[in-house]
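S.K.: Structure incoming, see below.
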Amino acid sequence: MNKILSRLLLIVVSLLSSNLLFAQGADSFDETMRGSGKIYVVVAICLTILIGLFIYLFLVDRKISRLEKEGK
Amino acid sequence: MVKKNWWKILSLLLLIYTVVAGFLMKVPDLPIIHQSIRNLFFHVCMWFGMMILFIISFVYSMKYLRGFNLRNDIIAQQFAAVGTFFGILGYTTGAIWANYTWITDQSQSLGSVLKEPKLIGAAIALLIYGEYFVLRGSFNDIDKKARISAVYNIFAFAMLFPSIWIIPRLVGSLHPGAPGSDTGNPALNAQKDLDATMRMVFYPAVIGWTLVGVWLANLRIRIQLIKDKSLINE
């Protein structure tokens with residue numbers, strides 16, 4: 001299970017790193033995150049909630065797996 | 001471990017894609033709906049997910065009636081529970097969306113929205129599924145409970161189609177996709193309004209949300225199996 005979590009983390013980091021590449025230099029990053037629409041802020045917040053929920057789901061999943069093993 | 005859990009990771013990746021592309025992509029500018037067409041990736045996916053979860057529940061109810069294996073009854077119950085949850089989410093998000101497209105921008109009166117056949121139909125379908133859980137709770141005998149609720153679940157699934165798909169199309173509705181909506185609300189015409197780029201996000205979104213539902217049901221089934229271990233002899 002730890003293997004999965006670490007792989008998951010790797011995927012997330014690699015996804016985020018492409019974002020950083022896209023936003024080279026402080027100016028363009030300012031344009032993305034502080035632009036007039038600020039839609040990227042909404043995307044960042046929604047992604048945080050989504051990833052947080054999935055980590056929680058994985059933890060619950062692991063707990064149930066442990067209970068299943070105990071019962072056997 | 002990864003071999004068994006790949007679909008959980010897939011659902012996360014699909015939903016990350018849904019959120020990023022769903023918020024940032026260019027969408028066709030339809031009258032009245034405008035930017036809120038992005039709800040397609042969230043609100044509509046709840047209903048798609050609900051339909052798929054109810055189909056799974058229906059299949060397991062039939063499997064239960066074939067062999068009377070209590071395990072199938074538990075699976076049917078939990079899929080129906082998560083499906084109902086998705087339906088409630090779809091209903092709530094629909095209410096918010098309708099408030100800003102039907103009432104505010106189309107100046108429909110509250111009365112005409114309350115008479116909306118699609119809303120009434122969806123409410124009936126969800127109440128029928130709600131009754132499934134009431135029915136389950138009213139039995140002491142486990143086998144009787146499983147048998148009667150499996151039969152009821154098949155009936156509930158059969159009622160789903162007239163109440164949310166057929167009747168709103170017969171009588172006309174404010175909801176996109178209905179015959180009467182051509183004049184008022186823009187319909188989601190697959191050729192015209194839902195362009196190719198939107199479909200490239202929409203179908204992955206449906207798969208992603210459905211997989212989350214399957215995962216939630218999977219967790220609930222495993223908890224119930226641990227609880228009822230003394231009852232199930234495999």
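Order determines the names: the first chain of the structure tokens is A, the second B, and so forth; residues in each chain are numbered 1 upward, and ligands are numbered 1 upward as they are shown.
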Tell me as a PyMOL selection string which residues belonging to chain A come within 8 Å of chain B, counting only C-alpha atoms.
M.R.: chain A and resi 1+4+8+39-40+43+46-47+50-51+54+61+64+67-68+71
S.K.: For Trp102 (chain B), find every residue with an atom within 10 Å (counting only C-alpha atoms), except residues of its own chain fewer than 2 positions away, and show them as a PDB file with C-alpha atoms, in the first residue's frame.
M.R.:
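Output file result.pdb follows:
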ATOM      1  CA  ILE B  32     -28.512  31.550 -21.273  1.00  0.00           C
ATOM      2  CA  ILE B  33     -26.104  28.809 -20.182  1.00  0.00           C
ATOM      3  CA  ALA B  95     -31.265  22.925  -8.302  1.00  0.00           C
ATOM      4  CA  TRP B  97     -27.877  25.368 -11.857  1.00  0.00           C
ATOM      5  CA  ALA B  98     -31.586  25.780 -12.602  1.00  0.00           C
ATOM      6  CA  ASN B  99     -31.771  28.713 -10.214  1.00  0.00           C
ATOM      7  CA  TYR B 100     -29.365  30.700 -12.397  1.00  0.00           C
ATOM      8  CA  THR B 104     -32.824  34.247 -13.194  1.00  0.00           C
ATOM      9  CA  ASP B 105     -32.015  34.339 -16.919  1.00  0.00           C
ATOM     10  CA  GLN B 106     -35.125  32.863 -18.433  1.00  0.00           C
ATOM     11  CA  SER B 107     -37.463  34.551 -15.947  1.00  0.00           C
ATOM     12  CA  GLN B 108     -39.489  31.397 -15.454  1.00  0.00           C
ATOM     13  CA  SER B 109     -41.744  31.665 -12.432  1.00  0.00           C
ATOM     14  CA  LEU B 110     -41.025  29.418  -9.490  1.00  0.00           C
ATOM     15  CA  SER B 112     -43.327  26.604 -13.673  1.00  0.00           C
ATOM     16  CA  VAL B 113     -40.034  25.283 -12.338  1.00  0.00           C
ATOM     17  CA  LEU B 174     -37.269  23.081 -19.486  1.00  0.00           C
ATOM     18  CA  HIS B 175     -34.416  20.653 -19.118  1.00  0.00           C
ATOM     19  CA  GLY B 184     -36.596  28.207 -24.326  1.00  0.00           C
ATOM     20  CA  ASN B 185     -33.533  26.535 -22.985  1.00  0.00           C
TER      21      ASN B 185
END
S.K.: Check the DSSP output for the backbone and give back, as a PyMOL selection string, the residues of region 36-165 of chain B in alpha helix (DSSP H).
M.R.: chain B and resi 43-67+70-98+110-114+117-137+142-161
S.K.: Compile the contact shell of region 155-158 of chain B as number ranges by chain: residues with an atom at most 9 Å away, counting only C-alpha atoms, same-chain residues fewer than 6 positions apart removed.
M.R.: B: 54-55, 57-58, 125, 128-129, 132
S.K.: For a quick check of understanding, using only C-alpha atoms, which of B:Ile164, B:Pro28, B:Met159, B:Ser149 has the smallest distance to Gly137 (chain B)?
M.R.: B:Ser149
